[in-house]
Amino acid sequence: MQEKDFLEKMAEIMDTEAELSMDTVLKDVEEWDSLSYVAFLAFGATIAKEKIWPADVKAAETLRDLYNLLMGDK
Amino acid sequence: MKEVVFDFSGKNFVVVGASSGMGRQVATELIESGANVLIVARNMKRLEEVKALASERVHIACLDVVSSSHEEWDKAFADFAAKVGKLNGGVYTAGITGCTPLKAYDENLAKSMMDISVAGGVKFMQHATRKKYADAGASYVIFSSVAAYEGPKGILFYAAAKGAVHSAVRVMSKEISHRGQRVNSVSPGWIQTEMTTTYLDSVGVDKEEIHTGPLGVGTPQDVSGMVLFLLSNRAKWITGQDFVIDGGYLNAR
């Protein structure tokens, strides 16, 4: 998945109109909440090469961290 | 003359399944109440008939609730929002009925019922509630049926699909509530529409044989008032509920 497609998907998952970049800090996005977290896990389960662990998602600080989880590159 | 009228001037709604039956009635009343309405159905010719009521405020999207892609749904809402602004709500009336008894049901028909009533409704909600297309406070109504409560013999998958709508509405009401958005369902009893007439003909039941409630067979107008109320700001503290509108049918069973 390209970074551009990932950012579009994350805007959908979080249902945010905020400008997102790979360096966006998750806790700065108002819509990154428990429902978005679950939605990301569900999305990840459909495309990630390896299982995405909840603890790793909780530890993620930026969108790039989430992208790396999807790509199997911690 | 209606004793209760709604003023939806400047408000924007989408109605899915707007070419006939309940959807057409709701779309027509929203148009009469001043709203801009995006009407969605598979049949372009029939959509054009509805559009003829008030062409400047009616917009058309020809989509199939099962086979249309996420991109096609997005485009329909993006085009509508670009023309008139974000949605204030939407109504999902798409559904089919048919004979599906336990001992001998058609798997394809059964799957279509679940796909159209449940999966199609959820897909509609996923797109129609997005921040980029819908206002905070937007209200949605999805059609269920008294069959979900009664569980009549012979229409197993119809009843199951409509019951699933109730459960889906409860979940979605929580998932969209943070922006003040709401979703409810309505469960009509026996309403005289093209769909129900076709069903009666298909199973060879005479109209006189239909067991109706104390108030007899209903019309689409008997249900649309509740739908418009739920869409309005008078219902802004109502979400995750189902409303039975059945002429007393369930009580009389």
# chains A, B, ... in the order shown; residues from 1 in each chain; ligands from 1
$ interface_residues --of "chain B" --to "chain A" --cutoff "12 Å" --atoms "only C-alpha atoms" --output "list in words"
His70, Asp74, Gln126, His127, Ala128, Thr129, Arg130, Lys131, Lys132, Tyr133, Ala134, Val171, Met172, Lys174, Glu175, Ile176, Ser177, His178 and Arg179 of chain B
$ write_last_selection --atoms "N, CA, C and O atoms" --output "PDB file, in the first residue's frame"
ATOM      1  N   HIS B  70     -17.826   1.129  -3.302  1.00  0.00           N
ATOM      2  CA  HIS B  70     -17.631   2.224  -2.344  1.00  0.00           C
ATOM      3  C   HIS B  70     -17.355   3.536  -3.085  1.00  0.00           C
ATOM      4  O   HIS B  70     -17.827   4.593  -2.684  1.00  0.00           O
ATOM      5  N   ASP B  74     -19.381   7.039  -2.768  1.00  0.00           N
ATOM      6  CA  ASP B  74     -18.666   8.268  -2.416  1.00  0.00           C
ATOM      7  C   ASP B  74     -18.932   9.366  -3.437  1.00  0.00           C
ATOM      8  O   ASP B  74     -19.171  10.522  -3.086  1.00  0.00           O
ATOM      9  N   GLN B 126     -22.274   3.741   6.245  1.00  0.00           N
ATOM     10  CA  GLN B 126     -20.834   4.001   6.326  1.00  0.00           C
ATOM     11  C   GLN B 126     -20.465   5.260   5.534  1.00  0.00           C
ATOM     12  O   GLN B 126     -19.685   6.093   6.006  1.00  0.00           O
ATOM     13  N   HIS B 127     -21.060   5.404   4.369  1.00  0.00           N
ATOM     14  CA  HIS B 127     -20.731   6.554   3.526  1.00  0.00           C
ATOM     15  C   HIS B 127     -21.535   7.795   3.902  1.00  0.00           C
ATOM     16  O   HIS B 127     -21.003   8.898   3.947  1.00  0.00           O
ATOM     17  N   ALA B 128     -22.820   7.591   4.171  1.00  0.00           N
ATOM     18  CA  ALA B 128     -23.721   8.736   4.376  1.00  0.00           C
ATOM     19  C   ALA B 128     -23.459   9.474   5.689  1.00  0.00           C
ATOM     20  O   ALA B 128     -23.946  10.588   5.869  1.00  0.00           O
ATOM     21  N   THR B 129     -22.716   8.863   6.621  1.00  0.00           N
ATOM     22  CA  THR B 129     -22.458   9.540   7.901  1.00  0.00           C
ATOM     23  C   THR B 129     -21.080  10.202   7.948  1.00  0.00           C
ATOM     24  O   THR B 129     -20.745  10.836   8.945  1.00  0.00           O
ATOM     25  N   ARG B 130     -20.293  10.042   6.897  1.00  0.00           N
ATOM     26  CA  ARG B 130     -18.931  10.599   6.929  1.00  0.00           C
ATOM     27  C   ARG B 130     -18.940  12.114   7.085  1.00  0.00           C
ATOM     28  O   ARG B 130     -19.778  12.806   6.517  1.00  0.00           O
ATOM     29  N   LYS B 131     -17.956  12.574   7.836  1.00  0.00           N
ATOM     30  CA  LYS B 131     -17.866  14.001   8.131  1.00  0.00           C
ATOM     31  C   LYS B 131     -17.829  14.844   6.861  1.00  0.00           C
ATOM     32  O   LYS B 131     -18.392  15.928   6.809  1.00  0.00           O
ATOM     33  N   LYS B 132     -17.182  14.333   5.824  1.00  0.00           N
ATOM     34  CA  LYS B 132     -17.069  15.171   4.624  1.00  0.00           C
ATOM     35  C   LYS B 132     -18.369  15.259   3.831  1.00  0.00           C
ATOM     36  O   LYS B 132     -18.509  16.116   2.976  1.00  0.00           O
ATOM     37  N   TYR B 133     -19.336  14.383   4.132  1.00  0.00           N
ATOM     38  CA  TYR B 133     -20.617  14.448   3.412  1.00  0.00           C
ATOM     39  C   TYR B 133     -21.792  14.799   4.309  1.00  0.00           C
ATOM     40  O   TYR B 133     -22.858  15.136   3.805  1.00  0.00           O
ATOM     41  N   ALA B 134     -21.642  14.644   5.618  1.00  0.00           N
ATOM     42  CA  ALA B 134     -22.805  14.779   6.505  1.00  0.00           C
ATOM     43  C   ALA B 134     -22.527  15.719   7.671  1.00  0.00           C
ATOM     44  O   ALA B 134     -21.450  15.696   8.262  1.00  0.00           O
ATOM     45  N   VAL B 171     -26.076  -0.761  17.237  1.00  0.00           N
ATOM     46  CA  VAL B 171     -24.618  -0.586  17.190  1.00  0.00           C
ATOM     47  C   VAL B 171     -24.256   0.743  16.532  1.00  0.00           C
ATOM     48  O   VAL B 171     -23.465   1.532  17.068  1.00  0.00           O
ATOM     49  N   MET B 172     -24.852   0.992  15.368  1.00  0.00           N
ATOM     50  CA  MET B 172     -24.491   2.209  14.625  1.00  0.00           C
ATOM     51  C   MET B 172     -24.841   3.468  15.396  1.00  0.00           C
ATOM     52  O   MET B 172     -24.132   4.471  15.328  1.00  0.00           O
ATOM     53  N   LYS B 174     -24.523   4.022  18.425  1.00  0.00           N
ATOM     54  CA  LYS B 174     -23.416   4.337  19.339  1.00  0.00           C
ATOM     55  C   LYS B 174     -22.186   4.809  18.575  1.00  0.00           C
ATOM     56  O   LYS B 174     -21.471   5.704  19.016  1.00  0.00           O
ATOM     57  N   GLU B 175     -21.934   4.179  17.432  1.00  0.00           N
ATOM     58  CA  GLU B 175     -20.718   4.517  16.689  1.00  0.00           C
ATOM     59  C   GLU B 175     -20.786   5.899  16.040  1.00  0.00           C
ATOM     60  O   GLU B 175     -19.750   6.465  15.703  1.00  0.00           O
ATOM     61  N   ILE B 176     -21.982   6.445  15.820  1.00  0.00           N
ATOM     62  CA  ILE B 176     -22.066   7.766  15.177  1.00  0.00           C
ATOM     63  C   ILE B 176     -22.484   8.868  16.145  1.00  0.00           C
ATOM     64  O   ILE B 176     -22.596  10.028  15.764  1.00  0.00           O
ATOM     65  N   SER B 177     -22.684   8.525  17.414  1.00  0.00           N
ATOM     66  CA  SER B 177     -23.275   9.489  18.350  1.00  0.00           C
ATOM     67  C   SER B 177     -22.349  10.635  18.729  1.00  0.00           C
ATOM     68  O   SER B 177     -22.814  11.693  19.145  1.00  0.00           O
ATOM     69  N   HIS B 178     -21.038  10.444  18.589  1.00  0.00           N
ATOM     70  CA  HIS B 178     -20.122  11.483  19.070  1.00  0.00           C
ATOM     71  C   HIS B 178     -20.291  12.802  18.320  1.00  0.00           C
ATOM     72  O   HIS B 178     -19.887  13.851  18.811  1.00  0.00           O
ATOM     73  N   ARG B 179     -20.885  12.759  17.136  1.00  0.00           N
ATOM     74  CA  ARG B 179     -21.136  14.007  16.407  1.00  0.00           C
ATOM     75  C   ARG B 179     -22.608  14.406  16.496  1.00  0.00           C
ATOM     76  O   ARG B 179     -23.067  15.273  15.752  1.00  0.00           O
TER      77      ARG B 179
END
$ select_by_dssp --residues "range 57-111 of chain B" --states "helix (DSSP H, G or I)" --output "JSON, numbers by chain"
{"B": [70, 71, 72, 73, 74, 75, 76, 77, 78, 79, 80, 81, 82, 83, 84, 107, 108, 109, 110, 111]}
$ residues_around --residues "Ala147 in chain B" --least-positions-apart "5" --cutoff "9 Å" --atoms "only C-alpha atoms" --output "PyMOL selection string"
chain B and resi 152+155+158-160+162-163+187-189
$ write_last_selection --atoms "N, CA and C atoms" --output "CSV table (one decimal), in the first residue's frame"
chain,number,residue,atom,x,y,z
B,152,PRO,N,-43.3,-14.5,11.2
B,152,PRO,CA,-44.4,-15.3,10.5
B,152,PRO,C,-43.8,-16.5,9.8
B,155,ILE,N,-41.5,-16.8,5.8
B,155,ILE,CA,-40.6,-15.7,5.3
B,155,ILE,C,-39.4,-15.6,6.3
B,158,TYR,N,-36.6,-13.0,5.4
B,158,TYR,CA,-37.1,-11.7,5.4
B,158,TYR,C,-37.2,-11.2,6.9
B,159,ALA,N,-37.7,-12.1,7.7
B,159,ALA,CA,-37.8,-11.7,9.2
B,159,ALA,C,-36.5,-11.6,9.8
B,160,ALA,N,-35.6,-12.5,9.4
B,160,ALA,CA,-34.2,-12.5,10.0
B,160,ALA,C,-33.5,-11.2,9.6
B,162,LYS,N,-34.7,-8.4,8.7
B,162,LYS,CA,-35.3,-7.2,9.3
B,162,LYS,C,-35.0,-7.1,10.8
B,163,GLY,N,-34.9,-8.3,11.4
B,163,GLY,CA,-34.4,-8.3,12.8
B,163,GLY,C,-33.0,-7.9,12.9
B,187,SER,N,-40.6,-0.1,11.8
B,187,SER,CA,-41.1,-1.4,11.5
B,187,SER,C,-42.6,-1.3,11.1
B,188,PRO,N,-42.9,-1.1,9.8
B,188,PRO,CA,-44.3,-1.1,9.4
B,188,PRO,C,-44.9,-2.4,9.4
B,189,GLY,N,-46.2,-2.4,9.6
B,189,GLY,CA,-47.1,-3.6,9.4
B,189,GLY,C,-47.4,-3.7,7.9
$ residues_around --residues "Leu66 in chain A" --least-positions-apart "2" --cutoff "10 Å" --atoms "only C-alpha atoms" --output "PyMOL selection string"
chain A and resi 6+10+22+26+40+44+52+56-64+68-74
$ write_last_selection --atoms "N, CA, C and O atoms" --output "PDB file, in the first residue's frame"
ATOM      1  N   PHE A   6      -2.640   5.017   2.014  1.00  0.00           N
ATOM      2  CA  PHE A   6      -2.734   4.795   3.457  1.00  0.00           C
ATOM      3  C   PHE A   6      -3.326   6.027   4.158  1.00  0.00           C
ATOM      4  O   PHE A   6      -4.218   5.910   5.006  1.00  0.00           O
ATOM      5  N   MET A  10      -6.729   6.202   6.277  1.00  0.00           N
ATOM      6  CA  MET A  10      -6.762   6.611   7.688  1.00  0.00           C
ATOM      7  C   MET A  10      -7.744   7.767   7.907  1.00  0.00           C
ATOM      8  O   MET A  10      -8.395   7.850   8.951  1.00  0.00           O
ATOM      9  N   MET A  22       2.405  11.617   7.124  1.00  0.00           N
ATOM     10  CA  MET A  22       2.996  10.457   7.795  1.00  0.00           C
ATOM     11  C   MET A  22       3.545  10.840   9.164  1.00  0.00           C
ATOM     12  O   MET A  22       3.671  10.001  10.050  1.00  0.00           O
ATOM     13  N   LEU A  26      -0.603  10.944  16.421  1.00  0.00           N
ATOM     14  CA  LEU A  26      -1.961  10.414  16.600  1.00  0.00           C
ATOM     15  C   LEU A  26      -2.737  11.149  17.687  1.00  0.00           C
ATOM     16  O   LEU A  26      -3.913  11.468  17.515  1.00  0.00           O
ATOM     17  N   PHE A  40      -8.945   0.539  13.020  1.00  0.00           N
ATOM     18  CA  PHE A  40      -7.614   0.296  12.445  1.00  0.00           C
ATOM     19  C   PHE A  40      -7.233  -1.180  12.579  1.00  0.00           C
ATOM     20  O   PHE A  40      -6.705  -1.783  11.636  1.00  0.00           O
ATOM     21  N   GLY A  44      -6.437  -3.465   9.520  1.00  0.00           N
ATOM     22  CA  GLY A  44      -5.129  -4.124   9.469  1.00  0.00           C
ATOM     23  C   GLY A  44      -5.259  -5.627   9.246  1.00  0.00           C
ATOM     24  O   GLY A  44      -4.483  -6.228   8.495  1.00  0.00           O
ATOM     25  N   ILE A  52      -1.228  -7.948  13.420  1.00  0.00           N
ATOM     26  CA  ILE A  52      -0.947  -6.684  14.100  1.00  0.00           C
ATOM     27  C   ILE A  52      -1.381  -6.830  15.552  1.00  0.00           C
ATOM     28  O   ILE A  52      -2.533  -7.161  15.832  1.00  0.00           O
ATOM     29  N   ASP A  56       1.105  -3.052  20.009  1.00  0.00           N
ATOM     30  CA  ASP A  56       1.907  -2.237  19.086  1.00  0.00           C
ATOM     31  C   ASP A  56       1.115  -1.039  18.575  1.00  0.00           C
ATOM     32  O   ASP A  56       1.673   0.041  18.350  1.00  0.00           O
ATOM     33  N   VAL A  57      -0.187  -1.241  18.360  1.00  0.00           N
ATOM     34  CA  VAL A  57      -1.020  -0.121  17.900  1.00  0.00           C
ATOM     35  C   VAL A  57      -1.129   0.916  19.013  1.00  0.00           C
ATOM     36  O   VAL A  57      -1.031   2.120  18.777  1.00  0.00           O
ATOM     37  N   LYS A  58      -1.299   0.422  20.235  1.00  0.00           N
ATOM     38  CA  LYS A  58      -1.395   1.363  21.367  1.00  0.00           C
ATOM     39  C   LYS A  58      -0.099   2.149  21.547  1.00  0.00           C
ATOM     40  O   LYS A  58      -0.109   3.301  21.976  1.00  0.00           O
ATOM     41  N   ALA A  59       1.008   1.516  21.218  1.00  0.00           N
ATOM     42  CA  ALA A  59       2.307   2.168  21.406  1.00  0.00           C
ATOM     43  C   ALA A  59       2.641   3.129  20.263  1.00  0.00           C
ATOM     44  O   ALA A  59       3.549   3.959  20.391  1.00  0.00           O
ATOM     45  N   ALA A  60       1.921   3.024  19.151  1.00  0.00           N
ATOM     46  CA  ALA A  60       2.219   3.877  17.991  1.00  0.00           C
ATOM     47  C   ALA A  60       2.009   5.343  18.343  1.00  0.00           C
ATOM     48  O   ALA A  60       1.039   5.701  19.023  1.00  0.00           O
ATOM     49  N   GLU A  61       2.930   6.177  17.873  1.00  0.00           N
ATOM     50  CA  GLU A  61       2.803   7.612  18.161  1.00  0.00           C
ATOM     51  C   GLU A  61       2.399   8.421  16.926  1.00  0.00           C
ATOM     52  O   GLU A  61       1.692   9.409  17.032  1.00  0.00           O
ATOM     53  N   THR A  62       2.878   7.980  15.760  1.00  0.00           N
ATOM     54  CA  THR A  62       2.570   8.731  14.539  1.00  0.00           C
ATOM     55  C   THR A  62       1.885   7.822  13.523  1.00  0.00           C
ATOM     56  O   THR A  62       1.874   6.598  13.663  1.00  0.00           O
ATOM     57  N   LEU A  63       1.358   8.446  12.480  1.00  0.00           N
ATOM     58  CA  LEU A  63       0.757   7.656  11.403  1.00  0.00           C
ATOM     59  C   LEU A  63       1.801   6.757  10.749  1.00  0.00           C
ATOM     60  O   LEU A  63       1.493   5.650  10.323  1.00  0.00           O
ATOM     61  N   ARG A  64       3.026   7.227  10.708  1.00  0.00           N
ATOM     62  CA  ARG A  64       4.082   6.391  10.118  1.00  0.00           C
ATOM     63  C   ARG A  64       4.264   5.099  10.921  1.00  0.00           C
ATOM     64  O   ARG A  64       4.482   4.029  10.351  1.00  0.00           O
ATOM     65  N   ASN A  68       3.958   1.435   9.320  1.00  0.00           N
ATOM     66  CA  ASN A  68       5.012   0.416   9.429  1.00  0.00           C
ATOM     67  C   ASN A  68       4.453  -0.900   9.971  1.00  0.00           C
ATOM     68  O   ASN A  68       4.888  -1.982   9.569  1.00  0.00           O
ATOM     69  N   LEU A  69       3.475  -0.805  10.866  1.00  0.00           N
ATOM     70  CA  LEU A  69       2.835  -2.031  11.368  1.00  0.00           C
ATOM     71  C   LEU A  69       2.124  -2.767  10.239  1.00  0.00           C
ATOM     72  O   LEU A  69       2.215  -3.992  10.119  1.00  0.00           O
ATOM     73  N   LEU A  70       1.411  -1.998   9.403  1.00  0.00           N
ATOM     74  CA  LEU A  70       0.693  -2.612   8.276  1.00  0.00           C
ATOM     75  C   LEU A  70       1.659  -3.291   7.308  1.00  0.00           C
ATOM     76  O   LEU A  70       1.371  -4.345   6.755  1.00  0.00           O
ATOM     77  N   MET A  71       2.785  -2.636   7.125  1.00  0.00           N
ATOM     78  CA  MET A  71       3.762  -3.141   6.153  1.00  0.00           C
ATOM     79  C   MET A  71       4.662  -4.223   6.753  1.00  0.00           C
ATOM     80  O   MET A  71       5.578  -4.717   6.094  1.00  0.00           O
ATOM     81  N   GLY A  72       4.428  -4.538   8.027  1.00  0.00           N
ATOM     82  CA  GLY A  72       5.226  -5.583   8.663  1.00  0.00           C
ATOM     83  C   GLY A  72       6.639  -5.134   8.959  1.00  0.00           C
ATOM     84  O   GLY A  72       7.581  -5.916   8.906  1.00  0.00           O
ATOM     85  N   ASP A  73       6.794  -3.834   9.229  1.00  0.00           N
ATOM     86  CA  ASP A  73       8.121  -3.267   9.440  1.00  0.00           C
ATOM     87  C   ASP A  73       8.099  -2.458  10.730  1.00  0.00           C
ATOM     88  O   ASP A  73       7.944  -1.249  10.714  1.00  0.00           O
ATOM     89  N   LYS A  74       8.230  -3.138  11.840  1.00  0.00           N
ATOM     90  CA  LYS A  74       8.111  -2.463  13.144  1.00  0.00           C
ATOM     91  C   LYS A  74       9.200  -1.438  13.377  1.00  0.00           C
ATOM     92  O   LYS A  74      10.333  -1.672  13.047  1.00  0.00           O
TER      93      LYS A  74
END
$ residues_around --residues "Gly89 in chain B" --least-positions-apart "4" --cutoff "6 Å" --atoms "only C-alpha atoms" --output "list of chain:residue names"
B:Phe13, B:Ala138, B:Ser139, B:Tyr140
$ closest_residue --among "A:Pro54, A:Glu8, A:Gln2, A:Val29" --to "Leu41 in chain A" --atoms "only C-alpha atoms"
A:Pro54
$ closest_residue --among "A:Leu7, A:Phe43, A:Ser36, A:Met1" --to "Asp23 in chain A" --atoms "only C-alpha atoms"
A:Leu7
$ residues_around --residues "Val186 in chain B" --least-positions-apart "3" --cutoff "9 Å" --atoms "only C-alpha atoms" --output "list in words"
Val141, Ile142, Phe143, Ser144, Ser145, Val146, Val223, Met226, Val227, Gln241, Asp242, Phe243, Val244 and Ile245 of chain B
$ atom_distance --atom1 "CA of Phe124 in chain B" --atom2 "CA of Val50 in chain B"
20.7 Å
$ residues_around --residues "Arg57 in chain B" --least-positions-apart "5" --cutoff "9 Å" --atoms "only C-alpha atoms" --output "list in words"
Ile31, Gly34, Ala35, Asn36, Val37, Leu38, Lys51 and Val84 of chain B
$ closest_residue --among "B:Leu228, B:Ala136, B:Leu156, B:Val217" --to "Val15 in chain B" --atoms "only C-alpha atoms"
B:Leu228
